[in-house]
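Q: Contents of upload.cif (mmCIF, C-alpha atoms) are below:
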```
data_start
loop_
_atom_site.label_atom_id
_atom_site.label_comp_id
_atom_site.auth_asym_id
_atom_site.auth_seq_id
_atom_site.Cartn_x
_atom_site.Cartn_y
_atom_site.Cartn_z
CA MET V 940 5.29 -24.01 -50.90
CA ARG V 941 2.92 -26.75 -52.05
CA LEU V 942 5.38 -27.79 -54.76
CA ALA V 943 8.16 -28.14 -52.23
CA ILE V 944 5.93 -30.18 -49.94
CA GLY V 945 4.95 -32.51 -52.77
CA ALA V 946 8.56 -32.97 -53.79
CA MET V 947 9.62 -33.59 -50.19
CA LEU V 948 6.97 -36.27 -49.94
CA LEU V 949 8.39 -37.85 -53.08
CA ALA V 950 11.69 -38.12 -51.26
CA LEU V 951 10.14 -39.97 -48.35
CA ILE V 952 7.56 -42.37 -49.76
CA PRO V 953 6.83 -44.16 -53.05
CA PHE V 954 5.29 -42.10 -55.85
CA ALA V 955 1.91 -43.90 -55.82
CA ASP V 956 1.55 -43.26 -52.10
CA VAL V 957 2.23 -39.55 -52.60
CA MET V 958 -0.54 -39.26 -55.15
CA ALA V 959 -2.94 -41.09 -52.86
CA ALA V 960 -2.07 -38.71 -50.01
CA THR V 961 -2.65 -35.47 -51.96
CA ASP V 962 -5.00 -34.01 -54.55
CA ASP V 963 -2.16 -34.10 -57.07
CA GLU V 964 -2.57 -35.96 -60.34
CA ALA V 965 0.28 -38.30 -61.22
CA LEU V 966 1.30 -37.71 -64.81
CA GLY V 967 3.79 -40.54 -64.62
CA ARG V 968 7.25 -41.73 -63.80
CA PHE V 969 9.74 -41.33 -66.60
CA ARG V 970 12.98 -43.16 -65.80
CA ASP V 971 14.47 -40.97 -63.05
CA TRP V 972 11.83 -38.19 -63.14
CA TYR V 973 8.27 -37.88 -61.83
CA ALA V 974 5.67 -35.58 -63.38
CA VAL V 975 2.73 -34.22 -61.38
CA ALA V 976 -0.15 -31.76 -61.88
CA TYR V 977 -2.62 -30.08 -59.56
CA VAL V 978 -5.11 -27.21 -59.63
CA GLU V 979 -4.70 -24.14 -57.44
CA ASN V 980 -7.12 -21.20 -57.64
CA ASP V 981 -8.66 -22.63 -60.83
CA ARG V 982 -5.23 -22.77 -62.50
CA LYS V 983 -3.35 -25.94 -63.37
CA ILE V 984 0.23 -26.20 -62.13
CA CYS V 985 2.56 -28.95 -63.30
CA TYR V 986 5.99 -29.94 -62.10
CA MET V 987 8.59 -32.60 -62.64
CA VAL V 988 11.03 -33.64 -59.96
CA THR V 989 13.98 -35.92 -59.31
CA GLN V 990 16.44 -36.64 -56.52
CA PRO V 991 20.22 -36.89 -56.79
CA THR V 992 21.75 -40.23 -57.71
CA LYS V 993 24.79 -39.28 -55.62
CA SER V 994 25.38 -36.68 -52.88
CA GLU V 995 28.78 -35.72 -51.47
CA GLY V 996 29.88 -33.37 -48.70
CA ASP V 997 31.09 -33.29 -45.12
CA TYR V 998 27.68 -33.01 -43.47
CA THR V 999 25.89 -35.04 -40.83
CA ARG V 1000 22.31 -34.24 -41.75
CA ARG V 1001 20.38 -32.80 -44.68
CA GLY V 1002 16.74 -32.38 -45.48
CA PRO V 1003 15.20 -33.45 -48.80
CA VAL V 1004 17.38 -32.68 -51.83
CA TYR V 1005 15.85 -32.42 -55.31
CA VAL V 1006 15.58 -30.47 -58.55
CA GLN V 1007 12.20 -29.38 -59.85
CA VAL V 1008 10.94 -27.86 -63.08
CA THR V 1009 7.59 -26.07 -62.75
CA ARG V 1010 5.15 -25.01 -65.46
CA ARG V 1011 2.02 -22.96 -64.74
CA GLU V 1012 -0.90 -22.98 -67.12
CA GLY V 1013 -1.06 -19.68 -69.01
CA ASP V 1014 2.33 -18.31 -67.87
CA THR V 1015 4.58 -16.58 -70.36
CA VAL V 1016 7.60 -18.24 -68.71
CA PRO V 1017 7.12 -21.89 -69.59
CA ASP V 1018 9.58 -23.63 -67.26
CA VAL V 1019 11.10 -22.51 -63.97
CA VAL V 1020 13.98 -24.56 -62.53
CA SER V 1021 14.67 -24.74 -58.80
CA PHE V 1022 17.12 -26.71 -56.69
CA GLU V 1023 16.34 -27.63 -53.10
CA ALA V 1024 19.53 -28.19 -51.08
CA GLY V 1025 18.20 -29.71 -47.87
CA TYR V 1026 19.97 -26.96 -45.88
CA PRO V 1027 20.07 -23.14 -45.87
CA PHE V 1028 22.55 -21.84 -48.41
CA LYS V 1029 25.32 -19.46 -47.40
CA GLU V 1030 23.86 -15.95 -47.57
CA ALA V 1031 24.38 -14.17 -50.91
CA SER V 1032 26.02 -17.29 -52.37
CA GLU V 1033 25.59 -18.85 -55.78
CA VAL V 1034 25.17 -22.43 -56.92
CA ASP V 1035 27.20 -23.92 -59.76
CA VAL V 1036 25.38 -26.25 -62.13
CA ASP V 1037 27.18 -28.35 -64.72
CA VAL V 1038 25.22 -30.14 -67.42
CA ASP V 1039 27.53 -32.38 -69.43
CA GLY V 1040 30.38 -29.85 -69.22
CA LYS V 1041 28.37 -26.62 -69.69
CA SER V 1042 28.24 -24.37 -66.62
CA TYR V 1043 25.39 -22.29 -65.20
CA THR V 1044 25.22 -20.05 -62.13
CA LEU V 1045 22.12 -19.68 -59.97
CA PHE V 1046 21.30 -17.38 -57.05
CA THR V 1047 20.24 -18.71 -53.66
CA ASP V 1048 17.37 -17.80 -51.36
CA GLY V 1049 17.11 -19.83 -48.16
CA GLN V 1050 17.28 -23.50 -49.13
CA THR V 1051 16.49 -22.94 -52.79
CA ALA V 1052 18.56 -21.94 -55.83
CA TRP V 1053 17.00 -20.29 -58.91
CA ALA V 1054 18.08 -19.12 -62.35
CA TYR V 1055 18.64 -15.36 -62.53
CA ASP V 1056 16.13 -14.73 -65.29
CA GLU V 1057 13.80 -16.28 -67.86
CA ASN V 1058 16.55 -16.70 -70.46
CA SER V 1059 18.74 -18.53 -67.94
CA ASP V 1060 15.84 -20.89 -67.16
CA LYS V 1061 15.36 -21.55 -70.88
CA GLU V 1062 19.08 -22.23 -71.41
CA LEU V 1063 19.25 -24.56 -68.42
CA VAL V 1064 16.12 -26.50 -69.44
CA THR V 1065 17.46 -26.87 -72.99
CA ALA V 1066 20.77 -28.20 -71.66
CA MET V 1067 18.96 -30.58 -69.29
CA ALA V 1068 16.88 -31.91 -72.20
CA LYS V 1069 20.02 -32.59 -74.23
CA GLY V 1070 22.14 -33.82 -71.32
CA SER V 1071 22.58 -37.07 -69.46
CA LYS V 1072 24.07 -35.90 -66.16
CA MET V 1073 23.88 -32.73 -64.06
CA ILE V 1074 26.17 -31.80 -61.15
CA VAL V 1075 25.09 -29.15 -58.64
CA GLN V 1076 27.50 -27.60 -56.13
CA GLY V 1077 26.44 -25.31 -53.30
CA THR V 1078 27.67 -24.08 -49.94
CA SER V 1079 25.65 -24.25 -46.76
CA SER V 1080 25.30 -21.43 -44.24
CA ARG V 1081 27.89 -23.33 -42.16
CA GLY V 1082 30.37 -23.33 -45.03
CA THR V 1083 29.92 -26.97 -46.06
CA LEU V 1084 30.36 -27.61 -49.80
CA THR V 1085 27.98 -30.18 -51.25
CA THR V 1086 27.97 -31.82 -54.64
CA ASP V 1087 24.81 -33.51 -55.90
CA THR V 1088 24.73 -35.52 -59.11
CA TYR V 1089 21.44 -35.93 -60.97
CA SER V 1090 20.44 -38.23 -63.80
CA LEU V 1091 18.70 -36.54 -66.70
CA LEU V 1092 17.31 -39.82 -68.04
CA GLY V 1093 13.58 -39.36 -68.53
CA PHE V 1094 13.76 -35.55 -68.50
CA ILE V 1095 12.37 -35.16 -72.03
CA ALA V 1096 9.42 -37.51 -71.43
CA ALA V 1097 8.58 -35.87 -68.08
CA ARG V 1098 8.75 -32.42 -69.68
CA ARG V 1099 6.49 -33.58 -72.49
CA ALA V 1100 3.98 -34.78 -69.87
CA ILE V 1101 3.88 -31.45 -68.01
CA THR V 1102 3.69 -29.56 -71.32
CA GLN V 1103 0.70 -31.62 -72.43
CA ALA V 1104 -1.00 -31.16 -69.04
CA CYS V 1105 -0.32 -27.43 -68.56
CA GLY V 1106 0.19 -26.15 -72.10
CA LYS V 1107 3.05 -24.44 -73.87
#
```
Please render this file's structure as structure tokens.
A:
Amino acid sequence: MRLAIGAMLLALIPFADVMAATDDEALGRFRDWYAVAYVENDRKICYMVTQPTKSEGDYTRRGPVYVQVTRREGDTVPDVVSFEAGYPFKEASEVDVDVDGKSYTLFTDGQTAWAYDENSDKELVTAMAKGSKMIVQGTSSRGTLTTDTYSLLGFIAARRAITQACGK
């Protein structure tokens, strides 16, 4: 929940203001990505986040929309990818992710989409590191199809920052 709140704040106010308003440590801005760390229950948690460069769909209102990669100090799963849609997804639906022509399918839970397993997270993160553009398509609980385009510029540097802060 805290990660989602931090990312939502990023969507609303400048990065420096977010860091001043929370106990989070700014690891830096890397082109289109922000990297952040904080400590929870004596354990460091790092995440990197970005917003879409373009959003399409026949909707009147959406909450914050972003993709986030989270790394928790000491976890065996190094990176967990999540997509926040800004609306509740259609129940039992999937999200289609395209990274430079390679497709991935994620499951939905409320307003968030996740990779099905650790290997899927690893494949997606590897593709994001090699890619330049990512397109995410999902369907809202009202049946509205949305397409969000994300820049992957700065992904590698932001990932390096969270890896250095939270370990491999």
Q: Quick check, in Å to one decimal: how far apart do atom CA of Ala1097 of chain V and atom CA of Asp1056 of chain V lie?
A: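 Pair atom CA of Ala1097 of chain V / atom CA of Asp1056 of chain V returns 22.6 Å.
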Q: Which residue, V:Val1036, V:Ser1080, V:Thr1102, V:Ile1095, has the smallest gap to Gly1013 of chain V when you use all atoms listed in the file?
A: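 Nearest to Gly1013 of chain V: V:Thr1102.
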Q: Residues near Asp1035 of chain V, anyone? I mean within 7 Å using only C-alpha atoms, not counting same-chain ones fewer than 3 positions away, as a PyMOL selection string.
A: chain V and resi 1042-1045+1075-1077
Q: Determine the nearest neighbour of Thr992 of chain V from the options V:Phe1094, V:Thr1047, V:Met1073, V:Gly1025, counting all atoms listed in the file.
A: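 Answer, going by the shortest atom-to-atom distance: V:Met1073.
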Q: Could you check which of V:Gly1040, V:Gly1002, V:Gly967, V:Gly1082 is closest to Val988 of chain V, using all atoms listed in the file?
A: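 Once distances to Val988 of chain V are computed over all atoms listed in the file, the minimum belongs to V:Gly967.
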Q: Taking only C-alpha atoms into account, name the residue in V:Tyr986, V:Phe1022, V:Tyr998, V:Trp972 that is nearest to Arg1010 of chain V.
A: V:Tyr986
Q: Residues within 12 Å of Arg1001 of chain V, please, as a list of chain:residue names. Count only C-alpha atoms; anything in the same chain fewer than 5 positions from it doesn't count.
A: V:Ser994, V:Glu995, V:Gly996, V:Glu1023, V:Ala1024, V:Gly1025, V:Tyr1026, V:Pro1027, V:Phe1028, V:Gln1050, V:Ser1079, V:Thr1083, V:Thr1085
Q: Please expand the PyMOL selection byres ((chain V and resi 1058) around 12) into the concrete residues it hits in this file, giving the result as JSON, numbers by chain.
A: {"V": [1015, 1016, 1017, 1018, 1019, 1020, 1043, 1054, 1055, 1056, 1057, 1059, 1060, 1061, 1062, 1063, 1064, 1065]}
Q: Report the distance between atom CA of Val975 of chain V and atom CA of Asp1014 of chain V in Å, rounded to one decimal place.
A: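 It comes out at 17.2 Å.
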Q: How many Å lie between atom CA of Asp1037 of chain V and atom CA of Ala965 of chain V, rounded to one decimal?
A: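 So the answer is 28.9 Å.
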Q: Counting only C-alpha atoms, figure out which residue out of V:Asp963, V:Thr999, V:Phe969, V:Asp1039 gets nearest to Lys983 of chain V.
A: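 Looking at the shortest contact to Lys983 of chain V, the residue is V:Asp963.
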